[in-house]
Number of protein chains: 2
Amino acid sequence: MTHSSGTDPTMGEMVIVGSMALDSVKTPFGAVDRVAGGAAVYAAMAASVLAPPRVVGVIGDDFPDETLATLRERGVDLSGVERVPGGKSFYWSGVYDYSLGERDSLVTELNVFADWRPVLPEAYRSSRYCFLANIQPQVQLSVLDQLQDTCFVMCDTMNYWIEHEREALDQVLSRVDLALLNDAEVRQLADTPNLAQAADAVLEMGPKWVVIKKGEYGAALVARDEYFSIPSYPLPNVVDPTGAGDSFAGGMIGLLARHDDCCSRELRRAVAFGTVIASACVEDFSLGGLERLGNGELRRRYDELREIVRFEAMEWEGLV
Amino acid sequence: MTHSSGTDPTMGEMVIVGSMALDSVKTPFGAVDRVAGGAAVYAAMAASVLAPPRVVGVIGDDFPDETLATLRERGVDLSGVERVPGGKSFYWSGVYDYSLGERDSLVTELNVFADWRPVLPEAYRSSRYCFLANIQPQVQLSVLDQLQDTCFVMCDTMNYWIEHEREALDQVLSRVDLALLNDAEVRQLADTPNLAQAADAVLEMGPKWVVIKKGEYGAALVARDEYFSIPSYPLPNVVDPTGAGDSFAGGMIGLLARHDDCCSRELRRAVAFGTVIASACVEDFSLGGLERLGNGELRRRYDELREIVRFEAMEWEGLV
């Protein structure tokens, strides 16, 4: 993998804020114990294919040095990562079902993540692109307060914050450009089962764009006057879905930053690119799939995805 | 609605075989009692937009004359429909959940459908296109035995036959060109949760093509060397999903028959057309949505679906 050189003069600076974790994961295809994970790590790995992200996160002594070295080799700026001496990193353990469609969380230990209040290095504050991964909405707000001159912020969240921190989350949604949610979260936020209605309701909460992640069924990008939807990249061997959504987000923000553009044309490409890079993530445990993904394979899958959705216009003779 | 004139010289003859029913349906948006339904009725209504289908089915005295009249007005040939004097039509009753994603069947009365052994009128036997809707596989086989010189047969089935009539179903699958299944049926047939692997396994059973219906998540068309996938047409007001899959199938077979072509290009268009016509079906109970669908709206949705999946090629500078 050769990451982008970062010398593109049009490139916008990008910051990713979120968890850096150790995960223990069991799927029908194997199990791993205390491997590198966390939303910011997956997103930074994915984004680094396109442009060098800045990362804001917190880790303990136990976070693997090799992962930090891998990220640095890919051009990731880790000066916003706080290492707490004597602390333990965020830890998550989960088990996936036979279809990989459902998972049970067995253990969630916040550890150093619990009282973390991210402080952005001075140089980060003018980042033009920002991905706020799933964190407590109050923490997302404190990051928003530190940003100056951003042109595009996207945020993730989860069912827990929708249920328990709705007020703060509503403030976040009113201040971001794009909300990245899975289909269940969109329905929960809007309290309606119809996804088209629910997405419209989320747009009313503030963001100009909503991206709906549908797992193996693909993703949709919704705005008031726009609807884009594509299937996922078909894979015969999915090993571990952990990190897919964060890789997707990293691919999105990486593309926007690389092209320094957040128009509808670039957002469509970003969703497609996120789809492709997420497909590599789920082919292995932890960061293995993203690490191994070469640029040739990335290009091949992107182009194949365009072909997958291609169908021709109709001649409508006799059906006026 | 102006149906096609049937005068296109390239048009292939088409036959649809399946249930003609009375349905009682309850959804969160209302309820209807003993309205016209059944796979062959939905499929014929949908197909008739494009080309005049021949229908093979069986009804009792209770099947509504207005529905038969509507079908005839749309050019549907009903000479293969047997009316059993004193008999009662197939009856189904079901209730959908809040999300319309799940349904419970309350009553299924086969009535005249129970001992029906379809006999194709002589003129039907040379039909070039055939849709075998979900019926007992032995009955599907008897129809296949009566067909001569067909160029394209697609079949539907259901979980019950996969479980209880596997041997006959395997024979059907070995003799059709396309198997139309929902995602759960594909997984059940192949006994594997991964949809890409499962579709490949179904292809090994005989058909050259598999179409996977994913409900609100869209549809995929799979062959050994081809994969096509599109989302569903987004709808803010879904009222009743009954008949969506059969409308989809009718739209598909109608397009193939109209263009008398079953190449990959036409099959992709057929899946897109099926998607669009199914979107009209679910906007009302019974046949209301299909009856009201005008050609202008149909064209608009088809063209919009092409726009929905459109994203541009990437410039890959620096990512060789």
# chains A, B, ... in the order shown; residues from 1 in each chain; ligands from 1
>>> interface_residues(of="chain A", to="chain B", cutoff="7 Å", atoms="only C-alpha atoms", output="list of chain:residue names")
A:Ser4, A:Ser99, A:Pro193, A:Asn194, A:Ala196, A:Gln197, A:Tyr217, A:Tyr227, A:Phe228, A:Ser229, A:Ile230, A:Pro231, A:Pro234, A:Leu235, A:Pro236, A:Arg268, A:Arg269, A:Asn295, A:Gly296, A:Ile308, A:Val309, A:Phe311, A:Glu312, A:Gly318, A:Leu319, A:Val320
>>> calpha_fit_and_write(fixed="chain B", moving="chain A", output="short mmCIF file (atom, residue, chain, number, x, y, z; two decimals) with C-alpha atoms, in the first residue's frame")
data_model
loop_
_atom_site.label_atom_id
_atom_site.label_comp_id
_atom_site.auth_asym_id
_atom_site.auth_seq_id
_atom_site.Cartn_x
_atom_site.Cartn_y
_atom_site.Cartn_z
CA MET A 1 -52.98 3.93 -18.21
CA THR A 2 -52.63 3.08 -21.87
CA HIS A 3 -51.25 -0.38 -22.22
CA SER A 4 -49.00 -1.28 -25.08
CA SER A 5 -50.73 -1.95 -28.34
CA GLY A 6 -49.25 -5.38 -28.87
CA THR A 7 -48.47 -4.58 -32.46
CA ASP A 8 -44.71 -4.43 -31.99
CA PRO A 9 -43.42 -7.00 -34.47
CA THR A 10 -40.43 -7.88 -32.27
CA MET A 11 -42.59 -8.72 -29.30
CA GLY A 12 -42.42 -12.25 -27.89
CA GLU A 13 -45.45 -14.05 -26.52
CA MET A 14 -45.53 -14.38 -22.77
CA VAL A 15 -47.36 -16.65 -20.34
CA ILE A 16 -47.79 -16.19 -16.59
CA VAL A 17 -48.84 -19.13 -14.43
CA GLY A 18 -49.84 -18.73 -10.81
CA SER A 19 -52.41 -17.99 -8.17
CA MET A 20 -55.42 -15.74 -8.59
CA ALA A 21 -56.69 -14.96 -5.15
CA LEU A 22 -58.81 -13.04 -2.74
CA ASP A 23 -56.74 -11.39 -0.02
CA SER A 24 -57.61 -9.85 3.31
CA VAL A 25 -54.73 -7.67 4.40
CA LYS A 26 -54.10 -5.50 7.43
CA THR A 27 -51.23 -3.04 7.64
CA PRO A 28 -50.64 -0.06 9.97
CA PHE A 29 -52.19 2.06 7.22
CA GLY A 30 -55.50 0.28 6.85
CA ALA A 31 -57.18 -2.98 6.03
CA VAL A 32 -58.97 -4.53 3.08
CA ASP A 33 -61.23 -7.57 2.97
CA ARG A 34 -61.35 -10.14 0.14
CA VAL A 35 -59.83 -7.93 -2.52
CA ALA A 36 -58.31 -9.18 -5.77
CA GLY A 37 -54.77 -10.51 -5.47
CA GLY A 38 -52.61 -13.52 -6.23
CA ALA A 39 -49.23 -13.78 -7.91
CA ALA A 40 -50.53 -14.20 -11.46
CA VAL A 41 -52.89 -11.26 -11.11
CA TYR A 42 -50.20 -8.88 -9.81
CA ALA A 43 -47.69 -10.12 -12.40
CA ALA A 44 -50.17 -9.81 -15.27
CA MET A 45 -51.20 -6.31 -14.22
CA ALA A 46 -47.54 -5.28 -14.14
CA ALA A 47 -46.53 -7.01 -17.37
CA SER A 48 -49.49 -5.61 -19.28
CA VAL A 49 -47.90 -2.18 -19.15
CA LEU A 50 -45.34 -3.47 -21.64
CA ALA A 51 -46.83 -6.40 -23.52
CA PRO A 52 -50.06 -8.43 -23.33
CA PRO A 53 -49.55 -11.50 -21.13
CA ARG A 54 -51.40 -14.79 -21.29
CA VAL A 55 -52.54 -15.97 -17.89
CA VAL A 56 -52.98 -19.51 -16.61
CA GLY A 57 -54.82 -19.75 -13.31
CA VAL A 58 -57.92 -20.98 -11.55
CA ILE A 59 -60.71 -19.07 -9.82
CA GLY A 60 -64.03 -19.76 -8.16
CA ASP A 61 -67.35 -17.99 -8.53
CA ASP A 62 -66.27 -15.37 -6.02
CA PHE A 63 -63.41 -13.83 -8.00
CA PRO A 64 -64.43 -10.25 -8.91
CA ASP A 65 -65.60 -9.74 -12.48
CA GLU A 66 -64.29 -6.15 -12.38
CA THR A 67 -60.74 -7.42 -11.95
CA LEU A 68 -61.11 -9.75 -14.91
CA ALA A 69 -62.55 -6.86 -16.93
CA THR A 70 -59.62 -4.60 -15.91
CA LEU A 71 -57.13 -7.25 -16.98
CA ARG A 72 -58.90 -7.73 -20.34
CA GLU A 73 -58.94 -3.98 -20.93
CA ARG A 74 -55.18 -4.04 -20.51
CA GLY A 75 -54.85 -6.67 -23.19
CA VAL A 76 -54.40 -9.65 -20.86
CA ASP A 77 -55.43 -12.96 -22.41
CA LEU A 78 -57.50 -14.85 -19.85
CA SER A 79 -58.39 -17.85 -21.99
CA GLY A 80 -56.08 -19.94 -19.79
CA VAL A 81 -58.03 -19.06 -16.64
CA GLU A 82 -60.28 -21.85 -15.46
CA ARG A 83 -63.42 -20.83 -13.55
CA VAL A 84 -64.72 -23.62 -11.32
CA PRO A 85 -68.49 -23.37 -10.97
CA GLY A 86 -69.50 -23.43 -7.34
CA GLY A 87 -65.85 -23.22 -6.30
CA LYS A 88 -64.17 -20.71 -4.03
CA SER A 89 -61.02 -18.86 -5.06
CA PHE A 90 -57.71 -19.20 -3.24
CA TYR A 91 -57.94 -17.07 -0.10
CA TRP A 92 -55.12 -15.54 1.93
CA SER A 93 -55.25 -13.31 4.94
CA GLY A 94 -52.29 -11.63 6.59
CA VAL A 95 -51.19 -8.88 8.96
CA TYR A 96 -48.06 -6.76 8.56
CA ASP A 97 -46.03 -5.34 11.42
CA TYR A 98 -45.30 -1.68 12.14
CA SER A 99 -42.28 -1.58 9.79
CA LEU A 100 -44.03 -3.56 7.00
CA GLY A 101 -40.93 -5.75 7.08
CA GLU A 102 -42.61 -8.79 8.63
CA ARG A 103 -45.97 -10.39 8.09
CA ASP A 104 -48.02 -13.12 9.70
CA SER A 105 -50.25 -15.29 7.58
CA LEU A 106 -53.54 -15.75 9.41
CA VAL A 107 -55.48 -17.87 6.92
CA THR A 108 -54.53 -19.74 3.76
CA GLU A 109 -57.41 -21.58 2.05
CA LEU A 110 -56.33 -23.26 -1.15
CA ASN A 111 -59.92 -23.96 -2.28
CA VAL A 112 -60.03 -24.45 -6.09
CA PHE A 113 -56.24 -24.07 -6.15
CA ALA A 114 -55.81 -27.30 -4.17
CA ASP A 115 -56.31 -29.83 -6.94
CA TRP A 116 -55.61 -27.56 -9.87
CA ARG A 117 -53.54 -29.09 -12.63
CA PRO A 118 -53.03 -26.31 -15.15
CA VAL A 119 -53.67 -27.14 -18.79
CA LEU A 120 -52.22 -24.62 -21.20
CA PRO A 121 -54.44 -23.70 -24.14
CA GLU A 122 -52.86 -24.87 -27.37
CA ALA A 123 -52.04 -21.32 -28.42
CA TYR A 124 -50.11 -20.72 -25.16
CA ARG A 125 -47.70 -23.62 -25.59
CA SER A 126 -45.37 -21.82 -27.91
CA SER A 127 -45.03 -18.76 -25.63
CA ARG A 128 -41.44 -17.60 -25.75
CA TYR A 129 -41.40 -16.08 -22.25
CA CYS A 130 -42.82 -17.67 -19.14
CA PHE A 131 -43.12 -16.69 -15.50
CA LEU A 132 -43.91 -19.58 -13.16
CA ALA A 133 -45.09 -17.84 -10.02
CA ASN A 134 -44.86 -19.51 -6.61
CA ILE A 135 -46.80 -22.80 -6.88
CA GLN A 136 -46.06 -26.37 -5.87
CA PRO A 137 -42.94 -27.39 -7.85
CA GLN A 138 -44.71 -30.45 -9.30
CA VAL A 139 -47.23 -28.09 -10.87
CA GLN A 140 -44.43 -25.90 -12.21
CA LEU A 141 -42.91 -29.03 -13.77
CA SER A 142 -46.18 -29.96 -15.45
CA VAL A 143 -46.28 -26.50 -17.02
CA LEU A 144 -42.69 -26.84 -18.20
CA ASP A 145 -43.70 -30.13 -19.83
CA GLN A 146 -46.40 -28.35 -21.80
CA LEU A 147 -44.21 -25.53 -23.11
CA GLN A 148 -42.56 -25.80 -26.52
CA ASP A 149 -39.89 -23.53 -27.92
CA THR A 150 -39.74 -21.21 -24.90
CA CYS A 151 -36.68 -19.06 -24.91
CA PHE A 152 -36.83 -17.83 -21.31
CA VAL A 153 -38.51 -19.21 -18.20
CA MET A 154 -38.29 -17.63 -14.77
CA CYS A 155 -39.66 -19.24 -11.61
CA ASP A 156 -40.48 -18.12 -8.11
CA THR A 157 -40.85 -20.39 -5.08
CA MET A 158 -41.16 -20.15 -1.28
CA ASN A 159 -39.66 -21.47 1.95
CA TYR A 160 -42.34 -24.18 2.26
CA TRP A 161 -41.38 -25.88 -1.03
CA ILE A 162 -37.67 -25.52 -0.26
CA GLU A 163 -38.27 -27.42 2.95
CA HIS A 164 -40.89 -29.98 1.86
CA GLU A 165 -40.59 -30.49 -1.91
CA ARG A 166 -36.91 -30.13 -2.47
CA GLU A 167 -36.56 -32.88 -5.06
CA ALA A 168 -39.25 -31.49 -7.37
CA LEU A 169 -37.94 -27.97 -6.81
CA ASP A 170 -34.44 -29.07 -7.79
CA GLN A 171 -35.90 -30.39 -11.04
CA VAL A 172 -37.61 -27.06 -11.66
CA LEU A 173 -34.38 -25.16 -10.98
CA SER A 174 -32.50 -27.41 -13.40
CA ARG A 175 -34.97 -26.50 -16.17
CA VAL A 176 -35.50 -22.72 -15.80
CA ASP A 177 -33.37 -19.84 -17.04
CA LEU A 178 -33.84 -17.61 -14.02
CA ALA A 179 -34.73 -18.24 -10.38
CA LEU A 180 -36.43 -15.32 -8.65
CA LEU A 181 -36.00 -15.59 -4.90
CA ASN A 182 -35.92 -13.39 -1.86
CA ASP A 183 -32.71 -13.22 0.17
CA ALA A 184 -33.96 -15.60 2.84
CA GLU A 185 -34.90 -18.18 0.20
CA VAL A 186 -31.50 -17.93 -1.49
CA ARG A 187 -29.80 -18.54 1.87
CA GLN A 188 -32.17 -21.39 2.70
CA LEU A 189 -31.71 -23.09 -0.68
CA ALA A 190 -27.93 -22.90 -0.42
CA ASP A 191 -27.80 -23.42 3.34
CA THR A 192 -25.26 -20.63 3.80
CA PRO A 193 -25.65 -17.12 5.24
CA ASN A 194 -23.33 -15.36 2.78
CA LEU A 195 -25.52 -14.09 -0.04
CA ALA A 196 -22.77 -14.03 -2.69
CA GLN A 197 -21.85 -17.66 -1.93
CA ALA A 198 -25.51 -18.64 -1.72
CA ALA A 199 -26.32 -17.13 -5.11
CA ASP A 200 -23.39 -19.01 -6.66
CA ALA A 201 -24.68 -22.23 -5.13
CA VAL A 202 -28.13 -21.65 -6.66
CA LEU A 203 -26.52 -21.09 -10.06
CA GLU A 204 -24.93 -24.52 -9.64
CA MET A 205 -28.46 -25.94 -9.38
CA GLY A 206 -29.18 -25.01 -12.97
CA PRO A 207 -30.47 -21.54 -13.75
CA LYS A 208 -28.23 -19.21 -15.69
CA TRP A 209 -29.50 -16.28 -13.63
CA VAL A 210 -30.60 -15.69 -10.07
CA VAL A 211 -32.53 -12.59 -9.07
CA ILE A 212 -32.43 -11.85 -5.35
CA LYS A 213 -35.31 -9.73 -4.08
CA LYS A 214 -34.32 -7.79 -0.97
CA GLY A 215 -37.57 -5.90 -0.38
CA GLU A 216 -36.94 -2.30 0.57
CA TYR A 217 -33.21 -2.89 0.04
CA GLY A 218 -33.52 -3.53 -3.67
CA ALA A 219 -32.64 -6.42 -5.93
CA ALA A 220 -29.63 -8.15 -7.44
CA LEU A 221 -29.16 -10.10 -10.66
CA VAL A 222 -26.43 -12.73 -10.51
CA ALA A 223 -24.87 -14.94 -13.17
CA ARG A 224 -21.55 -16.78 -13.23
CA ASP A 225 -19.77 -13.84 -14.78
CA GLU A 226 -22.09 -11.01 -13.89
CA TYR A 227 -23.40 -9.13 -10.89
CA PHE A 228 -25.94 -6.32 -11.03
CA SER A 229 -27.52 -4.74 -7.98
CA ILE A 230 -29.75 -1.74 -7.43
CA PRO A 231 -31.61 -0.25 -4.47
CA SER A 232 -35.37 -0.03 -4.34
CA TYR A 233 -37.12 3.13 -5.49
CA PRO A 234 -37.43 5.32 -2.36
CA LEU A 235 -41.01 5.84 -1.23
CA PRO A 236 -42.24 7.98 1.65
CA ASN A 237 -45.63 6.25 1.71
CA VAL A 238 -45.65 2.49 1.58
CA VAL A 239 -49.14 1.20 2.36
CA ASP A 240 -49.10 -2.55 1.63
CA PRO A 241 -46.18 -4.68 0.38
CA THR A 242 -48.48 -7.51 -0.81
CA GLY A 243 -47.82 -8.31 -4.46
CA ALA A 244 -44.57 -6.35 -4.70
CA GLY A 245 -42.48 -9.38 -5.64
CA ASP A 246 -45.03 -10.54 -8.22
CA SER A 247 -45.34 -7.07 -9.72
CA PHE A 248 -41.55 -7.01 -9.92
CA ALA A 249 -41.58 -10.36 -11.73
CA GLY A 250 -44.35 -9.22 -14.07
CA GLY A 251 -42.44 -6.08 -14.93
CA MET A 252 -39.36 -8.18 -15.66
CA ILE A 253 -41.03 -10.76 -17.90
CA GLY A 254 -43.05 -8.02 -19.60
CA LEU A 255 -39.92 -6.15 -20.59
CA LEU A 256 -38.14 -9.25 -21.86
CA ALA A 257 -41.22 -10.21 -23.90
CA ARG A 258 -41.68 -6.71 -25.25
CA HIS A 259 -38.11 -6.55 -26.50
CA ASP A 260 -38.00 -10.28 -27.24
CA ASP A 261 -34.51 -10.41 -25.82
CA CYS A 262 -33.02 -12.00 -22.72
CA CYS A 263 -29.42 -10.81 -22.94
CA SER A 264 -27.70 -9.34 -19.92
CA ARG A 265 -28.43 -5.76 -21.04
CA GLU A 266 -32.16 -6.47 -21.19
CA LEU A 267 -32.12 -8.40 -17.92
CA ARG A 268 -30.56 -5.42 -16.14
CA ARG A 269 -33.23 -3.16 -17.57
CA ALA A 270 -35.87 -5.72 -16.61
CA VAL A 271 -34.71 -5.72 -12.98
CA ALA A 272 -34.80 -1.92 -12.96
CA PHE A 273 -38.22 -1.87 -14.57
CA GLY A 274 -39.48 -4.48 -12.11
CA THR A 275 -38.16 -2.33 -9.26
CA VAL A 276 -40.04 0.70 -10.52
CA ILE A 277 -43.32 -1.09 -11.11
CA ALA A 278 -43.12 -2.78 -7.69
CA SER A 279 -42.77 0.69 -6.18
CA ALA A 280 -46.21 1.59 -7.56
CA CYS A 281 -47.73 -1.65 -6.29
CA VAL A 282 -46.90 -0.99 -2.63
CA GLU A 283 -48.39 2.50 -2.59
CA ASP A 284 -51.91 1.14 -2.25
CA PHE A 285 -53.83 -1.99 -1.29
CA SER A 286 -54.63 -4.69 -3.87
CA LEU A 287 -54.19 -3.54 -7.47
CA GLY A 288 -54.87 0.14 -6.79
CA GLY A 289 -51.28 1.30 -7.18
CA LEU A 290 -50.70 -0.61 -10.41
CA GLU A 291 -54.03 0.51 -11.87
CA ARG A 292 -53.34 4.16 -11.21
CA LEU A 293 -49.72 4.13 -12.44
CA GLY A 294 -49.48 6.21 -15.59
CA ASN A 295 -46.81 5.80 -18.21
CA GLY A 296 -45.41 9.26 -17.49
CA GLU A 297 -44.84 8.40 -13.83
CA LEU A 298 -43.34 5.04 -14.80
CA ARG A 299 -40.85 6.69 -17.13
CA ARG A 300 -40.04 9.35 -14.56
CA ARG A 301 -39.27 6.75 -11.86
CA TYR A 302 -37.17 4.62 -14.19
CA ASP A 303 -35.08 7.60 -15.21
CA GLU A 304 -34.85 8.75 -11.58
CA LEU A 305 -33.60 5.31 -10.55
CA ARG A 306 -30.77 5.65 -13.05
CA GLU A 307 -29.89 8.98 -11.49
CA ILE A 308 -30.16 7.54 -7.95
CA VAL A 309 -27.31 5.08 -8.56
CA ARG A 310 -25.12 7.38 -10.63
CA PHE A 311 -21.61 8.21 -9.45
CA GLU A 312 -18.63 9.28 -11.44
CA ALA A 313 -15.38 7.59 -12.22
CA MET A 314 -12.46 8.64 -10.08
CA GLU A 315 -9.30 10.38 -11.16
CA TRP A 316 -6.69 8.19 -9.52
CA GLU A 317 -3.67 10.47 -9.77
CA GLY A 318 -1.16 9.54 -7.09
CA LEU A 319 -2.91 6.24 -6.41
CA VAL A 320 -1.33 4.10 -9.07
#
>>> select_by_dssp(residues="stretch 191-235 of chain A", states="strand (DSSP E)", output="count of residues only")
15
